[in-house]
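Text of protein_21.cif, listed as mmCIF, C-alpha atoms and all ligand atoms:
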data_structure
#
loop_
_atom_site.label_atom_id
_atom_site.label_comp_id
_atom_site.auth_asym_id
_atom_site.auth_seq_id
_atom_site.Cartn_x
_atom_site.Cartn_y
_atom_site.Cartn_z
CA MET U 1 -29.87 15.53 36.01
CA VAL U 2 -27.71 12.64 37.04
CA LEU U 3 -29.82 9.51 36.77
CA TRP U 4 -27.17 6.93 37.34
CA GLY U 5 -23.66 6.43 38.52
CA ALA U 6 -21.60 8.74 40.59
CA VAL U 7 -19.09 11.32 39.56
CA VAL U 8 -15.91 11.30 41.51
CA LEU U 9 -13.49 14.09 40.93
CA ALA U 10 -10.07 12.58 41.41
CA ALA U 11 -7.52 14.39 43.50
CA ALA U 12 -5.65 15.55 40.44
CA GLY U 13 -8.79 17.34 39.39
CA SER U 14 -8.47 16.21 35.81
CA VAL U 15 -9.47 12.58 35.88
CA PHE U 16 -13.05 11.50 36.19
CA LEU U 17 -13.94 8.02 37.30
CA TYR U 18 -17.32 7.06 36.08
CA GLN U 19 -19.53 4.03 36.29
CA ARG U 20 -19.89 2.42 32.89
CA GLN U 21 -23.31 1.87 31.46
CA PRO U 22 -23.57 -0.84 28.82
CA ALA U 23 -25.12 0.41 25.58
CA ARG U 24 -27.65 -2.43 25.59
CA GLN U 25 -29.29 -1.03 28.70
CA ILE U 26 -29.50 2.42 27.20
CA GLU U 27 -31.65 1.03 24.38
CA THR U 28 -34.39 0.07 26.81
CA VAL U 29 -34.61 3.13 29.05
CA GLU U 30 -37.80 5.15 29.13
CA ALA U 31 -38.23 8.33 27.14
CA PHE U 32 -36.19 11.25 28.39
CA GLN U 33 -35.12 14.65 27.14
CA PRO U 34 -31.39 15.25 27.01
CA GLU U 35 -30.36 18.84 27.62
CA PHE U 36 -27.23 20.80 26.97
CA ALA U 37 -25.96 24.37 27.14
CA LEU U 38 -22.58 24.52 25.43
CA THR U 39 -20.40 27.09 23.71
CA ASP U 40 -20.05 27.07 19.93
CA ALA U 41 -16.96 28.16 18.01
CA ASP U 42 -18.14 31.78 18.00
CA GLY U 43 -18.47 31.81 21.79
CA ASN U 44 -22.27 31.68 21.85
CA ILE U 45 -24.08 29.36 24.25
CA ARG U 46 -26.26 26.94 22.31
CA GLN U 47 -29.03 25.15 24.17
CA SER U 48 -31.01 22.06 23.34
CA GLU U 49 -34.31 24.04 23.34
CA GLU U 50 -33.14 26.09 20.37
CA PHE U 51 -33.39 23.03 18.13
CA ARG U 52 -37.01 22.16 18.88
CA GLY U 53 -39.02 21.53 15.74
CA ARG U 54 -36.13 19.72 14.08
CA TYR U 55 -34.53 16.35 14.55
CA GLN U 56 -31.01 16.36 15.97
CA LEU U 57 -28.22 13.90 15.23
CA VAL U 58 -25.88 14.22 18.20
CA PHE U 59 -22.39 12.75 18.41
CA PHE U 60 -19.80 13.03 21.18
CA GLY U 61 -16.11 12.90 20.32
CA PHE U 62 -12.84 14.77 20.10
CA THR U 63 -11.01 16.16 17.12
CA ASN U 64 -7.71 14.36 17.87
CA CYS U 65 -9.45 11.06 17.16
CA PRO U 66 -8.40 9.92 13.67
CA ASP U 67 -10.25 6.60 13.49
CA VAL U 68 -13.66 6.49 15.19
CA CYS U 69 -14.66 10.15 14.93
CA PRO U 70 -14.10 10.72 11.19
CA THR U 71 -16.02 7.54 10.44
CA THR U 72 -19.14 8.72 12.25
CA LEU U 73 -18.87 12.32 11.04
CA SER U 74 -18.47 11.07 7.47
CA GLU U 75 -21.64 9.05 7.83
CA VAL U 76 -23.49 12.04 9.24
CA ALA U 77 -22.19 14.15 6.33
CA GLN U 78 -23.37 11.53 3.83
CA VAL U 79 -26.80 11.41 5.46
CA MET U 80 -27.11 15.20 5.27
CA ASP U 81 -26.13 15.18 1.58
CA ASP U 82 -28.58 12.39 0.80
CA LEU U 83 -31.50 13.98 2.67
CA GLY U 84 -31.74 16.64 -0.03
CA PRO U 85 -34.50 19.16 0.79
CA ASP U 86 -35.32 17.27 4.01
CA ALA U 87 -31.88 18.22 5.37
CA ALA U 88 -33.45 21.41 6.75
CA LYS U 89 -35.40 19.25 9.19
CA VAL U 90 -32.25 17.71 10.70
CA GLN U 91 -29.52 19.42 12.73
CA PRO U 92 -26.28 17.50 13.25
CA VAL U 93 -24.43 18.44 16.47
CA PHE U 94 -20.88 17.44 17.43
CA ILE U 95 -20.21 17.79 21.18
CA SER U 96 -16.56 17.83 22.17
CA ILE U 97 -15.61 15.75 25.19
CA ASP U 98 -12.12 17.29 24.99
CA PRO U 99 -13.34 20.89 24.86
CA GLU U 100 -10.28 22.87 25.88
CA ARG U 101 -7.93 21.28 23.36
CA ASP U 102 -10.59 21.25 20.64
CA ARG U 103 -11.27 24.96 21.09
CA GLN U 104 -7.56 25.65 20.75
CA MET U 105 -7.22 23.49 17.65
CA GLY U 106 -10.31 24.88 15.97
CA LEU U 107 -13.69 23.27 16.27
CA ASP U 108 -15.34 24.91 13.27
CA GLU U 109 -12.68 23.98 10.74
CA PHE U 110 -12.98 20.38 11.92
CA THR U 111 -16.76 20.07 11.62
CA ALA U 112 -16.88 22.16 8.43
CA ALA U 113 -14.36 19.82 6.79
CA PHE U 114 -17.00 17.10 7.03
CA HIS U 115 -20.18 19.09 6.40
CA PRO U 116 -21.11 22.76 6.73
CA SER U 117 -24.36 21.90 8.50
CA ILE U 118 -22.63 20.32 11.51
CA ILE U 119 -22.55 22.53 14.61
CA GLY U 120 -19.55 21.92 16.85
CA LEU U 121 -19.94 22.62 20.57
CA ALA U 122 -17.23 22.78 23.22
CA GLY U 123 -18.32 23.98 26.64
CA ASP U 124 -16.40 24.06 29.89
CA ASP U 125 -15.75 20.86 31.84
CA VAL U 126 -18.85 21.19 34.03
CA ALA U 127 -21.22 21.88 31.14
CA THR U 128 -19.66 19.06 29.11
CA ARG U 129 -20.08 16.58 31.95
CA ALA U 130 -23.67 17.74 32.44
CA ALA U 131 -24.44 17.25 28.74
CA ALA U 132 -22.94 13.76 28.77
CA ASP U 133 -24.92 12.87 31.90
CA SER U 134 -28.06 14.13 30.27
CA PHE U 135 -27.50 11.89 27.24
CA LYS U 136 -26.43 9.09 29.62
CA ILE U 137 -23.18 8.67 27.78
CA PHE U 138 -19.71 7.90 29.05
CA PHE U 139 -16.44 9.67 28.52
CA GLU U 140 -13.15 9.57 30.33
CA ARG U 141 -9.71 11.03 30.01
CA GLU U 142 -7.02 8.37 29.86
CA GLU U 143 -3.45 9.30 30.66
CA ASP U 144 -1.19 7.87 27.96
CA PRO U 145 2.41 9.09 27.70
CA ALA U 146 2.56 8.00 24.05
CA ALA U 147 -0.55 9.97 23.03
CA PRO U 148 -0.48 13.57 21.80
CA ASP U 149 -0.27 15.86 24.89
CA GLY U 150 0.00 12.75 27.08
CA TYR U 151 -3.63 11.72 27.08
CA SER U 152 -6.42 10.26 25.03
CA MET U 153 -10.18 10.16 25.48
CA SER U 154 -12.43 7.15 25.63
CA HIS U 155 -16.07 7.81 24.87
CA SER U 156 -19.40 6.41 23.74
CA PRO U 157 -19.13 6.38 19.94
CA ALA U 158 -22.81 6.04 19.05
CA LEU U 159 -24.93 8.61 17.24
CA TYR U 160 -28.06 9.81 19.05
CA LEU U 161 -31.33 10.85 17.47
CA ILE U 162 -33.37 13.50 19.26
CA GLY U 163 -36.92 14.23 18.11
CA PRO U 164 -38.55 17.59 17.32
CA HIS U 165 -40.00 17.77 20.85
CA GLY U 166 -36.61 17.10 22.42
CA ASP U 167 -37.19 13.43 23.20
CA TRP U 168 -34.33 10.94 22.96
CA LEU U 169 -35.57 8.58 20.22
CA ARG U 170 -32.79 6.09 19.63
CA GLN U 171 -29.11 5.56 19.11
CA TYR U 172 -27.37 4.33 15.99
CA THR U 173 -24.55 2.12 17.19
CA TYR U 174 -21.03 2.83 15.95
CA GLY U 175 -20.60 1.57 12.40
CA THR U 176 -24.26 1.85 11.35
CA PRO U 177 -24.07 2.56 7.59
CA ALA U 178 -25.23 5.99 6.39
CA SER U 179 -27.87 4.29 4.22
CA GLU U 180 -29.52 2.74 7.28
CA ILE U 181 -29.49 6.02 9.21
CA LEU U 182 -30.96 7.76 6.15
CA ALA U 183 -33.74 5.19 5.73
CA ASP U 184 -34.67 5.42 9.41
CA LEU U 185 -34.70 9.23 9.33
CA LYS U 186 -36.78 9.34 6.16
CA SER U 187 -39.38 7.07 7.74
CA ARG U 188 -39.78 9.66 10.50
CA LEU U 189 -39.67 12.94 8.56
CA MET R 1 14.70 6.07 12.84
CA ARG R 2 14.07 8.28 9.85
CA ASN R 3 14.29 11.67 11.45
CA ILE R 4 16.79 12.66 8.82
CA PHE R 5 13.91 12.90 6.36
CA LEU R 6 11.64 15.01 8.51
CA GLY R 7 12.79 18.31 7.13
CA SER R 8 12.33 17.30 3.53
CA LEU R 9 8.88 15.82 3.50
CA ALA R 10 7.95 17.81 0.44
CA MET R 11 10.41 15.71 -1.52
CA VAL R 12 8.61 12.49 -0.77
CA LEU R 13 5.10 13.82 -1.19
CA PHE R 14 3.87 13.83 -4.72
CA ALA R 15 0.44 14.16 -6.23
CA SER R 16 -1.00 11.04 -7.77
CA ALA R 17 -4.01 11.71 -9.91
CA ALA R 18 -4.92 8.04 -10.09
CA GLN R 19 -4.75 5.85 -7.03
CA ALA R 20 -2.97 2.78 -8.28
CA CYS R 21 -3.05 1.09 -4.87
CA GLU R 22 0.21 -0.62 -5.60
CA THR R 23 0.96 -3.87 -3.84
CA ALA R 24 4.32 -4.51 -2.21
CA ALA R 25 5.66 -8.04 -1.73
CA LEU R 26 7.81 -9.27 1.13
CA GLY R 27 8.34 -13.03 1.07
CA ASP R 28 4.92 -14.60 1.44
CA LEU R 29 3.36 -11.28 2.42
CA ALA R 30 1.50 -9.00 0.02
CA ILE R 31 0.87 -5.50 1.33
CA GLY R 32 -1.72 -3.35 -0.45
CA ASP R 33 -4.70 -0.99 -0.14
CA ALA R 34 -2.58 1.45 1.85
CA TRP R 35 -4.54 4.65 2.45
CA SER R 36 -4.91 7.56 4.79
CA ARG R 37 -7.28 10.47 5.29
CA ALA R 38 -6.50 14.09 4.58
CA THR R 39 -5.84 16.10 7.72
CA ILE R 40 -6.90 19.59 8.76
CA GLY R 41 -3.51 21.16 9.35
CA ALA R 42 -0.62 19.27 10.91
CA THR R 43 -1.49 19.40 14.60
CA ARG R 44 -3.98 16.54 14.76
CA PRO R 45 -2.84 12.95 14.24
CA ALA R 46 -3.38 11.22 10.91
CA VAL R 47 -4.33 7.62 10.32
CA PHE R 48 -2.87 4.74 8.31
CA TYR R 49 -4.79 1.75 6.97
CA VAL R 50 -3.48 -1.22 4.99
CA ALA R 51 -4.28 -4.82 4.03
CA ILE R 52 -1.71 -7.59 4.52
CA THR R 53 -2.17 -10.98 2.91
CA ASN R 54 -0.06 -13.81 4.27
CA ALA R 55 0.05 -16.51 1.58
CA GLY R 56 2.64 -18.56 3.45
CA ALA R 57 2.35 -21.38 5.95
CA GLN R 58 3.87 -19.47 8.83
CA ASP R 59 2.15 -16.90 11.04
CA ASP R 60 3.76 -13.50 11.26
CA ALA R 61 3.00 -10.25 13.05
CA LEU R 62 3.22 -6.54 12.29
CA THR R 63 5.23 -5.02 15.12
CA GLY R 64 5.75 -1.41 14.10
CA ILE R 65 5.54 1.33 11.49
CA THR R 66 7.67 4.34 10.66
CA THR R 67 7.20 7.15 8.17
CA PRO R 68 8.95 10.40 7.27
CA ALA R 69 5.47 11.98 7.35
CA ALA R 70 5.21 11.72 11.16
CA ALA R 71 7.79 11.90 13.94
CA MET R 72 5.83 9.36 15.95
CA ALA R 73 3.93 6.48 14.39
CA MET R 74 2.31 3.74 16.46
CA LEU R 75 -0.06 0.84 16.01
CA HIS R 76 -3.39 1.35 17.77
CA GLU R 77 -6.49 -0.73 18.09
CA THR R 78 -9.92 0.84 18.37
CA VAL R 79 -11.81 -1.17 20.95
CA VAL R 80 -15.53 -0.73 21.55
CA LYS R 81 -16.41 -2.43 24.81
CA ASP R 82 -19.62 -1.97 26.78
CA GLY R 83 -20.53 0.87 24.46
CA VAL R 84 -17.30 2.78 25.05
CA ALA R 85 -14.61 3.32 22.40
CA SER R 86 -10.94 3.70 23.21
CA MET R 87 -7.77 3.20 21.20
CA PRO R 88 -5.00 1.51 23.16
CA HIS R 89 -1.52 0.98 21.75
CA ALA R 90 -1.20 -2.40 20.00
CA MET R 91 2.18 -4.02 20.55
CA ARG R 92 1.67 -6.30 17.59
CA VAL R 93 -0.96 -7.14 14.99
CA GLN R 94 -1.16 -10.83 14.19
CA VAL R 95 -0.82 -11.73 10.52
CA PRO R 96 -1.94 -15.39 10.47
CA ALA R 97 -0.92 -17.76 7.69
CA GLY R 98 -3.41 -18.02 4.85
CA GLN R 99 -5.36 -14.90 5.86
CA THR R 100 -5.71 -11.25 4.98
CA THR R 101 -5.32 -8.94 7.96
CA GLU R 102 -6.64 -5.42 7.68
CA LEU R 103 -5.90 -2.21 9.42
CA ALA R 104 -9.29 -0.60 8.77
CA PRO R 105 -11.68 1.96 10.31
CA GLY R 106 -12.99 0.80 13.66
CA GLY R 107 -10.20 -1.71 14.22
CA TYR R 108 -6.43 -1.61 14.02
CA HIS R 109 -4.90 1.55 12.62
CA GLY R 110 -1.60 3.29 12.36
CA MET R 111 -1.67 6.48 14.44
CA LEU R 112 0.58 9.08 12.84
CA MET R 113 1.46 11.75 15.39
CA GLN R 114 3.59 14.90 15.10
CA LEU R 115 3.04 15.28 11.38
CA ALA R 116 5.76 17.01 9.38
CA SER R 117 3.03 18.76 7.40
CA ALA R 118 -0.66 18.46 6.65
CA LEU R 119 -1.74 15.52 4.50
CA ASN R 120 -3.70 16.71 1.49
CA GLU R 121 -6.02 14.67 -0.67
CA GLY R 122 -4.07 13.35 -3.65
CA ASP R 123 -0.73 13.24 -1.81
CA SER R 124 1.05 10.02 -1.15
CA PHE R 125 3.74 9.18 1.37
CA PRO R 126 5.80 6.10 2.28
CA VAL R 127 5.26 3.97 5.38
CA THR R 128 7.72 1.26 6.38
CA LEU R 129 6.15 -1.76 8.07
CA THR R 130 8.20 -4.04 10.31
CA PHE R 131 7.19 -7.68 10.64
CA GLU R 132 8.40 -10.02 13.33
CA LYS R 133 9.68 -12.63 10.87
CA ALA R 134 9.54 -11.21 7.35
CA GLY R 135 11.42 -8.00 8.14
CA GLU R 136 10.73 -4.57 6.65
CA VAL R 137 8.87 -3.33 3.61
CA THR R 138 7.90 0.15 2.46
CA VAL R 139 4.57 0.96 0.80
CA ASN R 140 3.20 4.15 -0.71
CA VAL R 141 0.11 5.41 1.05
CA ASP R 142 -2.59 7.32 -0.87
CA VAL R 143 -4.14 10.25 0.96
CA LEU R 144 -7.88 10.18 0.32
CA SER R 145 -10.57 12.69 1.28
CA LEU R 146 -11.38 13.26 4.93
CA ARG R 147 -14.73 11.58 4.33
CA SER R 148 -13.31 8.37 2.82
CA GLU R 149 -14.28 5.16 4.55
CA GLY R 150 -12.17 2.73 2.55
CA PRO R 151 -9.47 2.43 -0.12
CA THR R 152 -10.32 3.44 -3.67
CA CYS R 153 -8.25 1.47 -6.14
CA ASP R 154 -8.47 1.85 -9.88
CA ASP R 155 -8.08 -1.87 -10.35
CA ALA R 156 -10.74 -2.61 -7.73
CA SER R 157 -9.32 -4.19 -4.61
CU CU H 1 -5.27 5.82 17.42
#
I need this file expressed as structure tokens, please.
Amino acid sequence: MVLWGAVVLAAAGSVFLYQRQPARQIETVEAFQPEFALTDADGNIRQSEEFRGRYQLVFFGFTNCPDVCPTTLSEVAQVMDDLGPDAAKVQPVFISIDPERDRQMGLDEFTAAFHPSIIGLAGDDVATRAAADSFKIFFEREEDPAAPDGYSMSHSPALYLIGPHGDWLRQYTYGTPASEILADLKSRL
Amino acid sequence: MRNIFLGSLAMVLFASAAQACETAALGDLAIGDAWSRATIGATRPAVFYVAITNAGAQDDALTGITTPAAAMAMLHETVVKDGVASMPHAMRVQVPAGQTTELAPGGYHGMLMQLASALNEGDSFPVTLTFEKAGEVTVNVDVLSLRSEGPTCDDAS
């Protein structure tokens, strides 16, 4: 469900122009339930409903991103290690916003390198855009001749917490230390 | 350009059991805490972080990096604006007098594209930094685990 903004498919068919939503406003929106149906590395469609009963830590990114993405995934990995037995109550999910290239490069080996519990998802363009809309997050392809394959991706770098009933609970802004995420999670589990 | 070295990367990579985090000096500049993260294969770009202390009275700027480990190395800046992260090319990174300037996660970084081979934890490789005024200096970069979030120096940084 598109709650805000307008999607304009550019003539080239590959560039999306999208209205930007400041993160501060996202913090104050009313409760909603983000939904996704995206393909995992084995080709199976994974849907948000399947994770009911557990908390989800959801992060959007792309595997060609050497600075922002490893930082957040490392924090998620640290949180999962530190949760100990409670880790079974939390499912980390990495959603690719550069799905075609990430599928080619190997999504599983990327997420597994950080933590075996992380599920990597890379759907088609329509399903990816729908998932991002549902989380009310932004991503955009930016043409850049100097970047690998001639483009880079800009995206919302925050980590999103979804509750056991599927409700969006909060975001941890980029750079939130693993210890803070852990303390917040433990207070909820 | 250092393309001549591209075919022989193995010669410049060597395992270093202890990360000494050596510091290189170039005039009033001290360059240290150079580190990178291990990569998964050689197809995705790697990253380069470093700390530059300018003890002099004159501002300088880092204008470029080269390394035999990657055919294309650029300076990038991660920018988070209105809740959206991107990493535009940085033409130069200011190195003001009397300050330590860091290339660190979430800010400036060296983007190492077209790797000659995968970077493995424990490897090290040289990066040559070019400064507007001070000229060039080469530092050894320690490859840390993929999950590292900062340099790990034996002598404490
Ligand atoms: Cu970059």
Show me a table, sorted first by chain and then by increasing residue number, of the residues of chain R having an atom at most 7 Å from ligand CU 1 (chain H), each with its shortest atom pair and the distance in Å to one decimal, counting all atoms listed in the file and written as CSV.
residue,atom,partner,partner_atom,distance
R:His76,CA,H:CU1,CU,4.9
R:Glu77,CA,H:CU1,CU,6.7
R:Thr78,CA,H:CU1,CU,6.9
R:Met87,CA,H:CU1,CU,5.2
R:His109,CA,H:CU1,CU,6.4
R:Gly110,CA,H:CU1,CU,6.7
R:Met111,CA,H:CU1,CU,4.7
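Closest approach to chain U among R:Arg44, R:Lys81, R:His89, R:Lys133: R:Arg44, based on all atoms listed in the file.
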For a quick check of understanding, using only C-alpha atoms, which of U:Tyr55, U:Gly150, U:Ala37, U:Thr128 has the smallest distance to Trp168 of chain U?
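Looking at the shortest contact to Trp168 of chain U, the residue is U:Tyr55.
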For chain U, list the residues within 10 Å of chain R, counting all atoms listed in the file, and write the list as a ChimeraX atom specification.
/U:20-26,61,63-75,77-78,105-106,109-110,113-115,137-140,142,144,146-148,152-158,173-175
Emit as AutoDock Vina command-line options the padded axis-aligned box for all listed atoms of segment 141-153 of chain R, 8 Å per side, with centre and edge lengths in Å to one decimal.
--center_x -7.3 --center_y 7.4 --center_z -0.6 --size_x 30.8 --size_y 27.8 --size_z 27.1
Looking at R:Leu29, R:Leu62, R:Val95, R:Ala90, which one is nearest to Thr130 of chain R, with distances taken over all atoms listed in the file?
R:Leu62
So which one's closest to Asp149 of chain U, U:Pro92, U:Arg101, U:Lys186, U:Val58? Using all atoms listed in the file, please.
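Comparing U:Pro92, U:Arg101, U:Lys186, U:Val58 against Asp149 of chain U, the winner is U:Arg101.
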Ranking U:Leu38, U:Leu107, U:Ile118, U:Ala183 by minimum distance to Ala88 of chain U and counting all atoms listed in the file, which one comes first?
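When distances to Ala88 of chain U are compared using all atoms listed in the file, the smallest one comes from U:Ile118.
From atom CA of Phe59 of chain U back to atom CA of Asp40 of chain U, the distance works out to 14.6 Å.
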So that I can see what lies close to Leu161 of chain U, please list as an MDAnalysis selection string the residues with an atom at most 9 Å from it, counting all atoms listed in the file and leaving out residues fewer than 4 positions away in the same chain.
chainID U and resid 55:58 167:172 185
Could you add N, CA, C and O atoms to segment 94-117 of chain R and give me the result as a PDB file, in the coordinates of the input?
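Ended up saving to part_25.pdb:
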ATOM      1  N   GLN R  94      -1.388  -9.492  14.746  1.00  0.00           N
ATOM      2  CA  GLN R  94      -1.160 -10.830  14.190  1.00  0.00           C
ATOM      3  C   GLN R  94      -1.462 -10.859  12.700  1.00  0.00           C
ATOM      4  O   GLN R  94      -2.448 -10.267  12.250  1.00  0.00           O
ATOM      5  N   VAL R  95      -0.608 -11.548  11.956  1.00  0.00           N
ATOM      6  CA  VAL R  95      -0.820 -11.730  10.520  1.00  0.00           C
ATOM      7  C   VAL R  95      -0.801 -13.239  10.264  1.00  0.00           C
ATOM      8  O   VAL R  95       0.201 -13.808   9.824  1.00  0.00           O
ATOM      9  N   PRO R  96      -1.920 -13.919  10.527  1.00  0.00           N
ATOM     10  CA  PRO R  96      -1.940 -15.390  10.470  1.00  0.00           C
ATOM     11  C   PRO R  96      -1.749 -15.925   9.054  1.00  0.00           C
ATOM     12  O   PRO R  96      -2.142 -15.278   8.078  1.00  0.00           O
ATOM     13  N   ALA R  97      -1.146 -17.094   8.971  1.00  0.00           N
ATOM     14  CA  ALA R  97      -0.920 -17.760   7.690  1.00  0.00           C
ATOM     15  C   ALA R  97      -2.247 -17.979   6.969  1.00  0.00           C
ATOM     16  O   ALA R  97      -3.248 -18.341   7.583  1.00  0.00           O
ATOM     17  N   GLY R  98      -2.233 -17.723   5.661  1.00  0.00           N
ATOM     18  CA  GLY R  98      -3.410 -18.020   4.850  1.00  0.00           C
ATOM     19  C   GLY R  98      -4.536 -17.018   4.993  1.00  0.00           C
ATOM     20  O   GLY R  98      -5.653 -17.275   4.536  1.00  0.00           O
ATOM     21  N   GLN R  99      -4.284 -15.868   5.639  1.00  0.00           N
ATOM     22  CA  GLN R  99      -5.360 -14.900   5.860  1.00  0.00           C
ATOM     23  C   GLN R  99      -4.943 -13.497   5.434  1.00  0.00           C
ATOM     24  O   GLN R  99      -3.762 -13.189   5.334  1.00  0.00           O
ATOM     25  N   THR R 100      -5.959 -12.674   5.201  1.00  0.00           N
ATOM     26  CA  THR R 100      -5.710 -11.250   4.980  1.00  0.00           C
ATOM     27  C   THR R 100      -6.073 -10.499   6.249  1.00  0.00           C
ATOM     28  O   THR R 100      -7.176 -10.645   6.779  1.00  0.00           O
ATOM     29  N   THR R 101      -5.122  -9.736   6.756  1.00  0.00           N
ATOM     30  CA  THR R 101      -5.320  -8.940   7.960  1.00  0.00           C
ATOM     31  C   THR R 101      -5.426  -7.486   7.555  1.00  0.00           C
ATOM     32  O   THR R 101      -4.603  -7.004   6.786  1.00  0.00           O
ATOM     33  N   GLU R 102      -6.444  -6.820   8.068  1.00  0.00           N
ATOM     34  CA  GLU R 102      -6.640  -5.420   7.680  1.00  0.00           C
ATOM     35  C   GLU R 102      -6.479  -4.460   8.838  1.00  0.00           C
ATOM     36  O   GLU R 102      -6.973  -4.713   9.931  1.00  0.00           O
ATOM     37  N   LEU R 103      -5.784  -3.380   8.571  1.00  0.00           N
ATOM     38  CA  LEU R 103      -5.900  -2.210   9.420  1.00  0.00           C
ATOM     39  C   LEU R 103      -6.994  -1.391   8.749  1.00  0.00           C
ATOM     40  O   LEU R 103      -6.823  -0.964   7.598  1.00  0.00           O
ATOM     41  N   ALA R 104      -8.114  -1.210   9.419  1.00  0.00           N
ATOM     42  CA  ALA R 104      -9.290  -0.600   8.770  1.00  0.00           C
ATOM     43  C   ALA R 104     -10.080   0.180   9.809  1.00  0.00           C
ATOM     44  O   ALA R 104      -9.945  -0.058  11.012  1.00  0.00           O
ATOM     45  N   PRO R 105     -10.915   1.137   9.353  1.00  0.00           N
ATOM     46  CA  PRO R 105     -11.680   1.960  10.310  1.00  0.00           C
ATOM     47  C   PRO R 105     -12.430   1.113  11.342  1.00  0.00           C
ATOM     48  O   PRO R 105     -13.060   0.113  10.996  1.00  0.00           O
ATOM     49  N   GLY R 106     -12.307   1.510  12.591  1.00  0.00           N
ATOM     50  CA  GLY R 106     -12.990   0.800  13.660  1.00  0.00           C
ATOM     51  C   GLY R 106     -12.209  -0.363  14.227  1.00  0.00           C
ATOM     52  O   GLY R 106     -12.697  -1.057  15.124  1.00  0.00           O
ATOM     53  N   GLY R 107     -11.003  -0.609  13.713  1.00  0.00           N
ATOM     54  CA  GLY R 107     -10.200  -1.710  14.220  1.00  0.00           C
ATOM     55  C   GLY R 107      -8.761  -1.266  14.434  1.00  0.00           C
ATOM     56  O   GLY R 107      -8.510  -0.219  15.027  1.00  0.00           O
ATOM     57  N   TYR R 108      -7.828  -2.039  13.935  1.00  0.00           N
ATOM     58  CA  TYR R 108      -6.430  -1.610  14.020  1.00  0.00           C
ATOM     59  C   TYR R 108      -6.194  -0.435  13.078  1.00  0.00           C
ATOM     60  O   TYR R 108      -6.787  -0.361  12.001  1.00  0.00           O
ATOM     61  N   HIS R 109      -5.324   0.468  13.507  1.00  0.00           N
ATOM     62  CA  HIS R 109      -4.900   1.550  12.620  1.00  0.00           C
ATOM     63  C   HIS R 109      -3.518   2.022  13.016  1.00  0.00           C
ATOM     64  O   HIS R 109      -3.089   1.843  14.158  1.00  0.00           O
ATOM     65  N   GLY R 110      -2.836   2.594  12.038  1.00  0.00           N
ATOM     66  CA  GLY R 110      -1.600   3.290  12.360  1.00  0.00           C
ATOM     67  C   GLY R 110      -1.958   4.692  12.783  1.00  0.00           C
ATOM     68  O   GLY R 110      -2.774   5.352  12.148  1.00  0.00           O
ATOM     69  N   MET R 111      -1.398   5.136  13.907  1.00  0.00           N
ATOM     70  CA  MET R 111      -1.670   6.480  14.440  1.00  0.00           C
ATOM     71  C   MET R 111      -0.418   7.301  14.132  1.00  0.00           C
ATOM     72  O   MET R 111       0.663   7.004  14.658  1.00  0.00           O
ATOM     73  N   LEU R 112      -0.571   8.292  13.274  1.00  0.00           N
ATOM     74  CA  LEU R 112       0.580   9.080  12.840  1.00  0.00           C
ATOM     75  C   LEU R 112       0.551  10.425  13.560  1.00  0.00           C
ATOM     76  O   LEU R 112      -0.249  11.295  13.238  1.00  0.00           O
ATOM     77  N   MET R 113       1.452  10.557  14.552  1.00  0.00           N
ATOM     78  CA  MET R 113       1.460  11.750  15.390  1.00  0.00           C
ATOM     79  C   MET R 113       2.653  12.631  15.050  1.00  0.00           C
ATOM     80  O   MET R 113       3.642  12.159  14.524  1.00  0.00           O
ATOM     81  N   GLN R 114       2.549  13.914  15.397  1.00  0.00           N
ATOM     82  CA  GLN R 114       3.590  14.900  15.100  1.00  0.00           C
ATOM     83  C   GLN R 114       3.902  14.899  13.609  1.00  0.00           C
ATOM     84  O   GLN R 114       5.019  14.604  13.174  1.00  0.00           O
ATOM     85  N   LEU R 115       2.889  15.231  12.835  1.00  0.00           N
ATOM     86  CA  LEU R 115       3.040  15.280  11.380  1.00  0.00           C
ATOM     87  C   LEU R 115       4.054  16.348  10.971  1.00  0.00           C
ATOM     88  O   LEU R 115       4.125  17.416  11.572  1.00  0.00           O
ATOM     89  N   ALA R 116       4.823  16.022   9.929  1.00  0.00           N
ATOM     90  CA  ALA R 116       5.760  17.010   9.380  1.00  0.00           C
ATOM     91  C   ALA R 116       4.994  18.120   8.667  1.00  0.00           C
ATOM     92  O   ALA R 116       5.399  19.280   8.690  1.00  0.00           O
ATOM     93  N   SER R 117       3.898  17.763   8.020  1.00  0.00           N
ATOM     94  CA  SER R 117       3.030  18.760   7.400  1.00  0.00           C
ATOM     95  C   SER R 117       1.659  18.136   7.203  1.00  0.00           C
ATOM     96  O   SER R 117       1.503  16.930   7.354  1.00  0.00           O
TER      97      SER R 117
END
